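Shown below: coords_25.txt, with compact mmCIF, C-alpha atoms.
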# COMPACT_ATOMS: atom_id res chain seq x y z
CA MET W 1257 -50.95 29.17 -101.91
CA ILE W 1258 -49.93 32.15 -99.75
CA GLN W 1259 -47.85 29.90 -97.48
CA LEU W 1260 -46.20 28.26 -100.49
CA ILE W 1261 -45.27 31.62 -102.00
CA GLU W 1262 -43.76 32.76 -98.73
CA SER W 1263 -41.81 29.53 -98.22
CA LEU W 1264 -40.41 29.64 -101.75
CA GLY W 1265 -39.37 33.24 -101.32
CA ALA W 1266 -37.79 32.42 -97.98
CA ALA W 1267 -35.78 29.64 -99.59
CA GLY W 1268 -34.43 32.12 -102.08
CA SER W 1269 -33.68 34.61 -99.32
CA ARG W 1270 -31.68 32.05 -97.33
CA ASN W 1271 -29.52 31.55 -100.39
CA SER W 1272 -28.88 35.30 -100.66
CA THR W 1273 -26.24 37.44 -99.09
CA SER W 1274 -27.71 40.70 -100.27
CA GLY W 1275 -31.32 40.61 -99.07
CA ASP W 1276 -34.19 42.47 -100.64
CA VAL W 1277 -33.46 45.70 -102.39
CA SER W 1278 -36.64 47.28 -101.13
CA GLY W 1279 -36.11 46.20 -97.57
CA MET W 1280 -39.80 45.40 -97.20
CA ALA W 1281 -41.57 42.19 -96.20
CA MET W 1282 -44.90 40.87 -97.35
CA GLY W 1283 -47.74 41.85 -95.03
CA ARG W 1284 -50.99 39.97 -94.59
CA HIS W 1285 -52.85 42.05 -97.16
CA ASP W 1286 -49.97 41.81 -99.61
CA SER W 1287 -49.98 38.01 -99.33
CA ARG W 1288 -53.72 37.94 -99.96
CA ASP W 1289 -53.35 40.29 -102.93
CA VAL W 1290 -50.60 38.13 -104.44
CA ALA W 1291 -52.90 35.12 -104.24
CA LEU W 1292 -55.79 37.06 -105.84
CA LEU W 1293 -53.51 38.34 -108.60
CA LEU W 1294 -52.42 34.80 -109.38
CA VAL W 1295 -55.93 33.32 -109.34
CA SER W 1296 -57.42 36.10 -111.47
CA MET W 1297 -54.59 35.83 -113.99
CA GLY W 1298 -55.08 32.08 -114.18
CA LEU W 1299 -58.79 32.42 -114.90
CA ASN W 1300 -58.15 35.02 -117.59
CA SER W 1301 -55.40 32.93 -119.19
CA LEU W 1302 -57.39 29.70 -119.34
CA PRO W 1303 -58.94 30.60 -122.74
CA TRP W 1304 -55.43 31.02 -124.16
CA GLY W 1305 -54.82 27.29 -123.80
CA PHE W 1306 -58.07 26.49 -125.61
CA THR W 1307 -57.37 28.80 -128.56
CA LEU W 1308 -53.74 27.65 -128.78
CA VAL W 1309 -54.89 24.07 -129.50
CA VAL W 1310 -58.29 24.50 -131.08
CA LEU W 1311 -58.31 27.65 -133.18
CA PRO W 1312 -55.67 26.75 -135.83
CA ILE W 1313 -57.27 23.36 -136.54
CA TYR W 1314 -60.82 24.78 -136.29
CA LEU W 1315 -60.04 27.49 -138.83
CA SER W 1316 -58.44 24.90 -141.09
CA ASP W 1317 -61.54 22.69 -140.82
CA VAL W 1318 -63.86 25.54 -141.84
CA GLY W 1319 -61.79 26.24 -144.95
CA PHE W 1320 -59.07 28.79 -144.13
CA SER W 1321 -55.56 28.20 -145.46
CA ALA W 1322 -52.48 27.90 -143.25
CA GLN W 1323 -51.28 31.30 -144.48
CA VAL W 1324 -54.54 32.97 -143.43
CA ILE W 1325 -54.42 31.20 -140.06
CA GLY W 1326 -50.89 32.50 -139.56
CA ALA W 1327 -52.09 36.01 -140.42
CA VAL W 1328 -54.96 35.79 -137.90
CA THR W 1329 -52.46 34.81 -135.21
CA SER W 1330 -50.03 37.56 -136.21
CA VAL W 1331 -52.71 40.25 -135.95
CA SER W 1332 -53.02 39.36 -132.28
CA SER W 1333 -49.30 39.94 -131.72
CA VAL W 1334 -49.32 43.19 -133.70
CA ALA W 1335 -52.20 44.61 -131.65
CA ASN W 1336 -50.46 43.54 -128.46
CA THR W 1337 -47.23 45.20 -129.53
CA ILE W 1338 -48.88 48.51 -130.46
CA GLY W 1339 -50.74 48.76 -127.17
CA LEU W 1340 -48.04 47.79 -124.70
CA ILE W 1341 -46.09 51.01 -124.28
CA PRO W 1342 -48.95 53.54 -124.06
CA PHE W 1343 -50.88 51.38 -121.60
CA ALA W 1344 -47.77 50.73 -119.49
CA ILE W 1345 -47.03 54.46 -119.29
CA ALA W 1346 -50.62 55.07 -118.26
CA ALA W 1347 -50.41 52.30 -115.63
CA ASP W 1348 -47.23 53.78 -114.12
CA ARG W 1349 -48.88 57.20 -114.01
CA TYR W 1350 -52.48 56.47 -113.03
CA GLY W 1351 -52.31 53.17 -111.15
CA ARG W 1352 -51.95 49.56 -112.21
CA ARG W 1353 -54.97 47.76 -110.78
CA ARG W 1354 -57.50 49.58 -112.99
CA PHE W 1355 -55.60 48.60 -116.13
CA VAL W 1356 -55.39 44.96 -115.09
CA LEU W 1357 -59.16 44.96 -114.55
CA ALA W 1358 -59.86 46.68 -117.88
CA GLY W 1359 -57.62 44.24 -119.75
CA PHE W 1360 -59.22 41.20 -118.14
CA LEU W 1361 -62.75 42.31 -119.00
CA SER W 1362 -62.02 43.53 -122.55
CA SER W 1363 -61.09 40.01 -123.70
CA THR W 1364 -64.75 39.07 -123.24
CA VAL W 1365 -65.64 40.94 -126.44
CA ALA W 1366 -63.13 38.91 -128.44
CA TYR W 1367 -64.53 35.55 -127.36
CA LEU W 1368 -68.06 36.71 -128.16
CA LEU W 1369 -66.89 37.61 -131.67
CA PHE W 1370 -65.31 34.18 -132.11
CA ALA W 1371 -68.61 32.64 -131.00
CA LEU W 1372 -70.87 34.71 -133.22
CA SER W 1373 -69.05 34.90 -136.56
CA ARG W 1374 -66.77 33.03 -138.95
CA ASP W 1375 -66.31 36.04 -141.20
CA LEU W 1376 -62.60 36.73 -141.72
CA ASN W 1377 -62.88 40.41 -140.74
CA SER W 1378 -64.63 39.47 -137.50
CA LEU W 1379 -61.98 36.85 -136.77
CA LEU W 1380 -59.21 39.39 -137.33
CA LEU W 1381 -60.94 41.86 -135.02
CA ALA W 1382 -61.42 39.19 -132.34
CA SER W 1383 -57.77 38.21 -132.63
CA ALA W 1384 -56.66 41.83 -132.30
CA LEU W 1385 -58.83 42.44 -129.23
CA GLY W 1386 -58.50 39.26 -127.21
CA GLY W 1387 -55.62 37.33 -128.66
CA VAL W 1388 -55.02 33.90 -130.07
CA GLY W 1389 -53.01 31.46 -128.00
CA LEU W 1390 -49.90 33.05 -126.53
CA ALA W 1391 -50.16 36.39 -128.32
CA GLY W 1392 -52.73 38.01 -126.04
CA GLY W 1393 -53.97 40.79 -128.30
CA LEU W 1394 -54.82 44.30 -127.15
CA SER W 1395 -56.42 43.11 -123.92
CA SER W 1396 -53.12 41.55 -122.86
CA ALA W 1397 -51.31 44.81 -123.71
CA VAL W 1398 -53.63 46.57 -121.27
CA TRP W 1399 -53.12 44.23 -118.33
CA THR W 1400 -49.76 42.42 -118.67
CA PRO W 1401 -47.26 45.23 -117.82
CA ALA W 1402 -49.47 46.52 -115.01
CA TRP W 1403 -50.05 43.03 -113.61
CA THR W 1404 -46.34 42.14 -113.71
CA ALA W 1405 -45.37 45.35 -111.91
CA LEU W 1406 -48.19 44.97 -109.39
CA LEU W 1407 -47.09 41.42 -108.56
CA ALA W 1408 -43.50 42.62 -108.04
CA ASP W 1409 -44.74 45.48 -105.83
CA LYS W 1410 -46.85 43.17 -103.67
CA SER W 1411 -44.36 40.29 -103.29
CA HIS W 1412 -41.31 42.32 -102.13
CA GLU W 1413 -38.49 39.95 -101.12
CA ARG W 1414 -40.65 36.94 -102.04
CA ARG W 1415 -40.55 38.07 -105.66
CA THR W 1416 -38.82 35.01 -107.12
CA GLY W 1417 -41.27 32.68 -105.38
CA ALA W 1418 -44.22 34.76 -106.56
CA PHE W 1419 -43.01 34.78 -110.15
CA ALA W 1420 -42.37 31.04 -109.99
CA TRP W 1421 -45.97 30.59 -108.92
CA SER W 1422 -47.18 33.00 -111.58
CA GLN W 1423 -45.58 30.79 -114.21
CA ALA W 1424 -47.12 27.72 -112.58
CA VAL W 1425 -50.60 29.22 -112.43
CA TRP W 1426 -50.36 30.55 -115.98
CA ALA W 1427 -49.15 27.22 -117.33
CA LEU W 1428 -51.80 25.29 -115.38
CA ALA W 1429 -54.41 27.61 -116.87
CA LEU W 1430 -53.05 26.81 -120.32
CA SER W 1431 -53.15 23.14 -119.35
CA ALA W 1432 -56.80 23.32 -118.32
CA GLY W 1433 -57.65 25.33 -121.42
CA SER W 1434 -55.87 22.83 -123.64
CA ALA W 1435 -57.76 19.97 -122.02
CA MET W 1436 -60.98 21.86 -122.79
CA ALA W 1437 -60.31 21.20 -126.47
CA VAL W 1438 -62.49 18.13 -126.05
CA ILE W 1439 -65.57 20.25 -125.23
CA PRO W 1440 -66.78 20.82 -128.82
CA PHE W 1441 -66.49 17.08 -129.50
CA LEU W 1442 -68.42 16.25 -126.32
CA LEU W 1443 -71.14 18.77 -127.20
CA ARG W 1444 -71.55 17.16 -130.61
CA ALA W 1445 -71.52 13.64 -129.19
CA LYS W 1446 -73.79 14.19 -126.16
CA LEU W 1447 -76.13 16.93 -127.36
CA ASP W 1448 -76.02 16.21 -131.09
CA LEU W 1449 -75.07 19.83 -131.81
CA PRO W 1450 -73.91 20.88 -135.27
CA PHE W 1451 -70.16 21.34 -135.81
CA GLY W 1452 -70.21 25.14 -135.77
CA THR W 1453 -72.58 25.42 -132.82
CA SER W 1454 -70.37 23.23 -130.63
CA TYR W 1455 -67.51 25.71 -131.06
CA GLU W 1456 -69.81 28.69 -130.50
CA TYR W 1457 -70.82 27.33 -127.09
CA ALA W 1458 -67.18 26.71 -126.20
CA PHE W 1459 -66.22 30.32 -127.03
CA LEU W 1460 -69.13 31.61 -124.94
CA LEU W 1461 -67.73 29.63 -122.01
CA LEU W 1462 -64.38 31.37 -122.50
CA ALA W 1463 -66.10 34.75 -122.26
CA GLY W 1464 -67.50 33.69 -118.89
CA PHE W 1465 -64.03 32.92 -117.54
CA ALA W 1466 -62.86 36.40 -118.58
CA VAL W 1467 -65.67 38.04 -116.62
CA ILE W 1468 -65.00 35.92 -113.51
CA SER W 1469 -61.31 36.86 -113.59
CA GLY W 1470 -62.24 40.53 -113.27
CA VAL W 1471 -64.53 39.83 -110.32
CA VAL W 1472 -61.75 37.96 -108.48
CA LEU W 1473 -59.38 40.92 -108.94
CA LEU W 1474 -61.71 43.50 -107.37
CA PRO W 1475 -60.52 43.13 -103.71
CA VAL W 1476 -56.84 43.77 -104.60
CA ARG W 1477 -55.53 46.98 -103.02
CA GLU W 1478 -53.03 49.40 -104.51
CA SER W 1479 -51.15 52.36 -103.07
CA PRO W 1480 -51.41 55.66 -104.96
CA PRO W 1481 -48.98 55.59 -107.91
CA LYS W 1482 -45.64 57.38 -107.69
CA ARG W 1483 -44.84 59.67 -110.59
CA SER W 1484 -41.54 58.79 -112.24
CA GLU W 1485 -39.64 59.65 -115.36
CA GLY W 1486 -40.68 56.29 -116.76
CA ALA W 1487 -44.30 57.41 -116.77
CA SER W 1488 -44.13 59.72 -119.77
CA PHE W 1489 -43.34 59.47 -123.47
CA ARG W 1490 -40.96 62.42 -123.24
CA CYS W 1491 -38.68 60.72 -120.71
CA TRP W 1492 -39.10 57.15 -122.00
CA PHE W 1493 -35.55 56.84 -123.31
CA ARG W 1494 -34.04 58.32 -120.15
CA LEU W 1495 -35.03 55.38 -117.99
CA GLY W 1496 -32.39 54.70 -115.35
CA SER W 1497 -32.54 50.98 -116.14
CA ARG W 1498 -32.13 51.50 -119.89
CA SER W 1499 -29.09 49.24 -120.30
CA GLN W 1500 -30.81 46.29 -118.63
CA ILE W 1501 -33.99 46.80 -120.65
CA VAL W 1502 -32.23 47.01 -124.03
CA LYS W 1503 -30.21 43.84 -123.45
CA PHE W 1504 -33.19 41.94 -122.11
CA SER W 1505 -35.29 43.08 -125.08
CA VAL W 1506 -32.84 41.55 -127.54
CA THR W 1507 -33.09 38.11 -125.99
CA ILE W 1508 -36.83 38.26 -125.36
CA GLY W 1509 -37.45 39.38 -128.94
CA MET W 1510 -35.74 36.20 -130.11
CA VAL W 1511 -37.97 34.19 -127.76
CA GLY W 1512 -41.04 35.90 -129.24
CA PHE W 1513 -40.04 35.07 -132.80
CA ALA W 1514 -39.24 31.45 -131.89
CA SER W 1515 -42.55 31.13 -130.04
CA GLY W 1516 -44.53 32.52 -132.97
CA LEU W 1517 -42.71 30.26 -135.40
CA ALA W 1518 -42.63 26.98 -133.48
CA VAL W 1519 -45.42 27.11 -130.86
CA GLN W 1520 -48.30 29.35 -131.97
CA LEU W 1521 -49.31 27.01 -134.82
CA LEU W 1522 -47.97 23.84 -133.23
CA SER W 1523 -51.34 22.09 -133.18
CA LEU W 1524 -51.58 22.70 -136.93
CA TRP W 1525 -48.04 21.30 -137.30
CA PHE W 1526 -49.14 18.12 -135.48
CA ASN W 1527 -52.23 17.95 -137.68
CA LYS W 1528 -50.22 18.16 -140.90
CA MET W 1529 -47.30 16.02 -139.70
CA TYR W 1530 -49.32 13.19 -138.10
CA GLY W 1531 -53.00 13.89 -138.90
CA ALA W 1532 -53.77 14.46 -135.19
CA SER W 1533 -57.01 16.31 -134.33
CA ASP W 1534 -57.56 19.00 -131.68
CA THR W 1535 -59.52 16.49 -129.57
CA VAL W 1536 -56.53 14.12 -129.52
CA LEU W 1537 -53.94 16.86 -128.96
CA GLY W 1538 -55.75 18.68 -126.14
CA PRO W 1539 -54.72 16.28 -123.32
CA TRP W 1540 -51.10 16.25 -124.52
CA PHE W 1541 -50.88 20.03 -124.58
CA GLY W 1542 -52.59 20.11 -121.20
CA ALA W 1543 -50.08 17.66 -119.74
CA ALA W 1544 -47.22 19.76 -121.12
CA GLU W 1545 -48.38 22.89 -119.34
CA ALA W 1546 -49.17 20.96 -116.15
CA THR W 1547 -45.44 20.31 -115.73
CA SER W 1548 -45.21 23.90 -114.45
CA LEU W 1549 -46.31 22.72 -111.02
CA LEU W 1550 -43.35 20.35 -110.86
CA VAL W 1551 -40.75 23.06 -111.48
CA VAL W 1552 -41.88 25.58 -108.85
CA PRO W 1553 -39.92 24.15 -105.89
CA PHE W 1554 -36.69 24.10 -107.89
CA ILE W 1555 -36.59 27.60 -109.36
CA SER W 1556 -35.36 29.49 -106.29
CA LYS W 1557 -32.84 26.74 -105.56
CA LEU W 1558 -31.59 26.77 -109.14
CA THR W 1559 -31.09 30.54 -109.24
CA GLY W 1560 -29.61 30.50 -105.75
CA ARG W 1561 -26.97 27.99 -106.82
CA PHE W 1562 -26.19 29.06 -110.39
CA GLY W 1563 -27.62 32.58 -110.68
CA SER W 1564 -30.29 33.62 -113.17
CA PRO W 1565 -28.11 33.87 -116.33
CA LYS W 1566 -26.67 30.37 -116.08
CA SER W 1567 -30.04 28.94 -115.03
CA VAL W 1568 -31.65 30.37 -118.18
CA LEU W 1569 -28.83 28.99 -120.32
CA LEU W 1570 -29.30 25.49 -118.87
CA THR W 1571 -33.10 25.30 -118.95
CA GLN W 1572 -33.86 27.13 -122.18
CA GLY W 1573 -30.92 25.46 -123.88
CA LEU W 1574 -32.27 22.00 -123.07
CA SER W 1575 -35.78 23.00 -124.18
CA SER W 1576 -34.38 24.12 -127.55
CA VAL W 1577 -32.80 20.74 -128.23
CA LEU W 1578 -36.01 18.91 -127.32
CA LEU W 1579 -38.07 21.15 -129.61
CA ALA W 1580 -35.84 20.41 -132.61
CA ALA W 1581 -35.86 16.69 -131.79
CA MET W 1582 -39.65 16.56 -132.30
CA LEU W 1583 -39.03 16.58 -136.03
CA VAL W 1584 -37.60 13.04 -136.03
CA ALA W 1585 -40.27 11.54 -133.76
CA PRO W 1586 -41.90 8.53 -135.48
CA THR W 1587 -45.38 9.09 -133.98
CA TYR W 1588 -47.38 12.01 -132.65
CA GLN W 1589 -47.30 10.42 -129.18
CA PHE W 1590 -43.49 10.44 -129.18
CA ALA W 1591 -43.36 14.01 -130.51
CA ALA W 1592 -45.88 15.12 -127.90
CA SER W 1593 -43.78 13.48 -125.17
CA LEU W 1594 -40.78 15.50 -126.34
CA TYR W 1595 -42.97 18.61 -126.28
CA ILE W 1596 -43.94 17.87 -122.68
CA ALA W 1597 -40.26 17.61 -121.71
CA ARG W 1598 -39.49 20.80 -123.64
CA THR W 1599 -42.28 22.68 -121.87
CA PHE W 1600 -40.97 21.51 -118.47
CA PHE W 1601 -37.71 23.38 -119.04
CA VAL W 1602 -39.39 26.42 -120.62
CA ASN W 1603 -41.58 26.71 -117.53
CA MET W 1604 -38.40 27.07 -115.51
CA ALA W 1605 -36.66 29.58 -117.79
CA TRP W 1606 -39.50 32.08 -118.24
CA PRO W 1607 -40.20 33.04 -114.58
CA ILE W 1608 -36.45 33.29 -113.94
CA GLN W 1609 -36.17 35.86 -116.71
CA GLN W 1610 -39.24 37.78 -115.56
CA SER W 1611 -38.08 37.93 -111.96
CA TYR W 1612 -34.56 38.88 -113.03
CA LEU W 1613 -35.82 41.86 -115.03
CA MET W 1614 -38.08 43.06 -112.22
CA GLY W 1615 -35.20 42.73 -109.74
CA THR W 1616 -32.65 44.65 -111.79
CA VAL W 1617 -34.71 47.70 -112.74
CA THR W 1618 -35.90 50.42 -110.37
CA PRO W 1619 -39.36 49.74 -108.85
CA GLU W 1620 -40.92 52.87 -110.38
CA GLU W 1621 -39.95 51.67 -113.88
CA ARG W 1622 -41.16 48.09 -113.62
CA ALA W 1623 -44.34 48.49 -115.67
CA SER W 1624 -42.43 50.46 -118.28
CA ALA W 1625 -39.66 47.86 -118.44
CA SER W 1626 -42.23 45.09 -118.71
CA ALA W 1627 -44.00 46.92 -121.53
CA ILE W 1628 -40.86 47.52 -123.57
CA THR W 1629 -39.71 43.92 -123.33
CA TYR W 1630 -43.17 42.50 -124.03
CA MET W 1631 -43.45 44.88 -126.99
CA VAL W 1632 -40.24 43.48 -128.46
CA TRP W 1633 -41.50 39.96 -127.72
CA GLY W 1634 -44.69 40.86 -129.56
CA ILE W 1635 -42.83 42.10 -132.63
CA GLY W 1636 -41.03 38.78 -132.90
CA SER W 1637 -44.21 36.86 -132.12
CA SER W 1638 -46.11 38.69 -134.88
CA ILE W 1639 -43.54 37.70 -137.52
CA GLY W 1640 -43.17 34.04 -136.50
CA PRO W 1641 -46.71 32.81 -137.28
CA VAL W 1642 -46.60 34.34 -140.76
CA LEU W 1643 -43.47 32.35 -141.57
CA ALA W 1644 -44.93 29.24 -139.92
CA GLY W 1645 -48.16 29.57 -141.91
CA TYR W 1646 -46.21 29.99 -145.13
CA THR W 1647 -44.07 26.89 -144.52
CA LEU W 1648 -47.00 24.76 -143.31
CA SER W 1649 -48.96 25.63 -146.44
CA GLY W 1650 -46.30 23.82 -148.46
CA THR W 1651 -45.75 20.10 -148.87
CA GLY W 1652 -42.81 17.88 -148.17
CA PHE W 1653 -40.43 17.31 -145.29
CA ILE W 1654 -38.48 20.55 -145.79
CA SER W 1655 -41.58 22.73 -145.33
CA ILE W 1656 -42.74 20.86 -142.23
CA SER W 1657 -39.24 20.94 -140.68
CA VAL W 1658 -38.77 24.72 -140.59
CA PRO W 1659 -40.85 25.56 -137.46
CA PRO W 1660 -39.22 23.14 -134.96
CA LEU W 1661 -35.68 23.36 -136.36
CA LEU W 1662 -35.43 27.12 -136.84
CA GLY W 1663 -37.48 27.80 -133.73
CA GLY W 1664 -35.21 25.59 -131.62
CA ALA W 1665 -32.10 27.31 -132.98
CA ILE W 1666 -33.45 30.78 -132.15
CA TYR W 1667 -34.50 29.70 -128.65
CA LEU W 1668 -30.95 28.45 -128.10
CA GLY W 1669 -29.45 31.68 -129.42
CA SER W 1670 -31.62 33.66 -127.00
CA ALA W 1671 -30.43 31.58 -124.04
CA VAL W 1672 -26.79 32.05 -125.00
CA GLY W 1673 -27.34 35.78 -125.46
CA PHE W 1674 -29.01 36.11 -122.05
CA TYR W 1675 -26.05 34.42 -120.40
CA LEU W 1676 -23.47 36.54 -122.21
CA PHE W 1677 -25.31 39.79 -121.48
CA PHE W 1678 -25.97 39.22 -117.79
CA ARG W 1679 -23.42 36.72 -116.49
CA ASN W 1680 -21.71 39.45 -114.46
CA ILE W 1681 -24.87 41.01 -113.02
CA ALA W 1682 -26.83 39.22 -110.29
CA ALA W 1683 -30.36 39.87 -109.14
CA PRO W 1684 -30.44 41.36 -105.60
CA GLU W 1685 -31.53 38.18 -103.84
CA GLU W 1686 -28.96 35.87 -105.44
CA ARG W 1687 -26.05 34.62 -103.40
CA GLY W 1688 -22.33 34.90 -104.03
CA VAL W 1689 -22.26 38.66 -104.62
CA ILE W 1690 -19.63 41.30 -103.87
CA GLY W 1691 -20.21 45.03 -104.09
CA ARG W 1692 -22.87 46.62 -106.21
CA GLY W 1693 -22.95 47.41 -109.87
CA ARG W 1694 -24.80 50.04 -111.82
CA PHE W 1695 -28.33 50.88 -110.60
CA GLY W 1696 -27.50 49.29 -107.24
CA VAL W 1697 -27.43 45.78 -108.71
CA PRO W 1698 -25.07 43.40 -106.89
CA ARG W 1699 -22.31 41.78 -108.91
CA PRO W 1700 -21.65 38.05 -108.49
CA ARG W 1701 -18.46 36.69 -107.02
CA LEU W 1702 -16.17 35.78 -109.88
CA GLY W 1703 -13.51 33.08 -110.15
Could you rewrite the structure in this file as structure tokens?
Amino acid sequence: MIQLIESLGAAGSRNSTSGDVSGMAMGRHDSRDVALLLVSMGLNSLPWGFTLVVLPIYLSDVGFSAQVIGAVTSVSSVANTIGLIPFAIAADRYGRRRFVLAGFLSSTVAYLLFALSRDLNSLLLASALGGVGLAGGLSSAVWTPAWTALLADKSHERRTGAFAWSQAVWALALSAGSAMAVIPFLLRAKLDLPFGTSYEYAFLLLAGFAVISGVVLLPVRESPPKRSEGASFRCWFRLGSRSQIVKFSVTIGMVGFASGLAVQLLSLWFNKMYGASDTVLGPWFGAAEATSLLVVPFISKLTGRFGSPKSVLLTQGLSSVLLAAMLVAPTYQFAASLYIARTFFVNMAWPIQQSYLMGTVTPEERASASAITYMVWGIGSSIGPVLAGYTLSGTGFISISVPPLLGGAIYLGSAVGFYLFFRNIAAPEERGVIGRGRFGVPRPRLG
């Protein structure tokens, strides 16, 4: 994996005329730490794939309405949003590794709660702590900004390759977790376990993955943190990269809302649209996320040729059309095939946007920038499932059509906005640049 990260980063560097802004290369220990960061993140994210597929249908099977299921999912996003900024400030000030470790291990409590209780209050608490599907909960708020900044710090000029691999590892973890949706069925079939017990055992397994992820992270090294203006509440709105962060937050907030509306309860949408169970859907969702491995070699080449803004417009734009097209699919297999194609393009767009943000803000403000943008994503993501739950609780084609149609339209609007905001600002490693813009960011060659 280390060699692949370095080769991908080198490909991006050969397409650049500006070089790395930091002027630093990855050392041996940095390469090892990048690999450990990716593996530990993958292990911690694997339960997300399981809950994304299983939890909405499981809660429906045990008697909760679609509106309640949407509320449980939204609580996860709300908790994530509340925690992002204070934990990011603390990570910038006190060091990032310790917060990544704390966030990884804290999700264990959530999965134990899911295993031990079906009481609504316990489910809401578990959702708030450990997250449901893509939302992440409070534990994700603790580790995500620190992990993103730490990966950028460690990868230096190989940043785009590292973020491409981070998307691949994350998506493959979701793929494996989605495929694990069959575990409760196998436990019932092979061990003759009761319905509820089969899910309890599965959630206990998820808790084990969270613990292992923390153990894998332990050898990662970190330099003492630099104090910066970004590492305090008082100076939060005087960040040097404020303009970039505000614009990025607008587009990523739209992505969060579209994700909450169209993706967070997608397994429930399949269940109501086609009668498909979590056992049937698991392999399809797993295959969708597995496409991330296919896109990795193309990301640096795509951004090197078109630049990040146009690359996001192309990939996320195509994914939006495919998402909306799922509504007219005659069978769940056809709709799931469209979802696989849609996820292929999303898995290209997301790491491009992450890497672009990390490349166009100052290094000392990376965790803060990540926190602000993820917070805005979380606000949108917390609203989307509520609307999705409300529409899915209705009957008729109009109710079932809102999540994919409206979600696809908002995804497309976000892609267009990203292009319009940033089409004249290139990330440091992208080719075809002349001069330097604000904050030392190169501007692309125009005309």
(message) Using all atoms listed in the file and a cutoff of 12 Å, can you tell me which residues are near (-56.8, 42.7, -116.2) in the file's coordinates, and write them out as a ChimeraX atom specification?
(response) /W:1292-1301,1343,1347,1352-1364,1386,1392,1394-1404,1406,1466-1474,1476
Considering all atoms listed in the file, give me a table of residues in region 1561-1668 of chain W that are at most 12 Å from region 1535-1538 of chain W, with the closest atom pair and distance in Å for each, as CSV.
residue,atom,partner,partner_atom,distance
W:Tyr1588,CA,W:Leu1537,CA,9.0
W:Gln1589,CA,W:Leu1537,CA,9.3
W:Ala1591,CA,W:Leu1537,CA,11.1
W:Ala1592,CA,W:Leu1537,CA,8.3
W:Ser1593,CA,W:Leu1537,CA,11.4
W:Tyr1595,CA,W:Leu1537,CA,11.4
W:Ile1596,CA,W:Leu1537,CA,11.9
(message) If I take CA of Val1551 (chain W) and CA of Gln1572 (chain W), how far is one from the other in Å, to one decimal?
(response) 13.4 Å
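Nearest to Gly1351 (chain W) of all the residues W:Thr1307, W:Ser1479, W:Thr1629, W:Gln1323 is W:Ser1479, counting all atoms listed in the file.
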(message) Using all atoms listed in the file, can you tell me which of W:Gln1610, W:Thr1599, W:Thr1651, W:Ser1499 comes closest to Ser1515 (chain W)?
(response)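 Using all atoms listed in the file, the shortest distance to Ser1515 (chain W) belongs to W:Thr1599.
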(request) Could you tell me how far CA of Ser1321 (chain W) lies from CA of Val1632 (chain W), in Å and to one decimal? (result)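 Atom-to-atom, CA of Ser1321 (chain W) and CA of Val1632 (chain W) are spaced 27.5 Å apart.
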(message) Residues near Ala1371 (chain W), anyone? I mean within 9 Å using only C-alpha atoms, not counting same-chain ones fewer than 3 positions away, as a list in words.
(response)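 Within the cut-off, the hits are Ala1366, Tyr1367, Leu1368, Arg1374, Thr1453, Tyr1455, Glu1456, Tyr1457, Ala1458, Phe1459 and Leu1460 of chain W.
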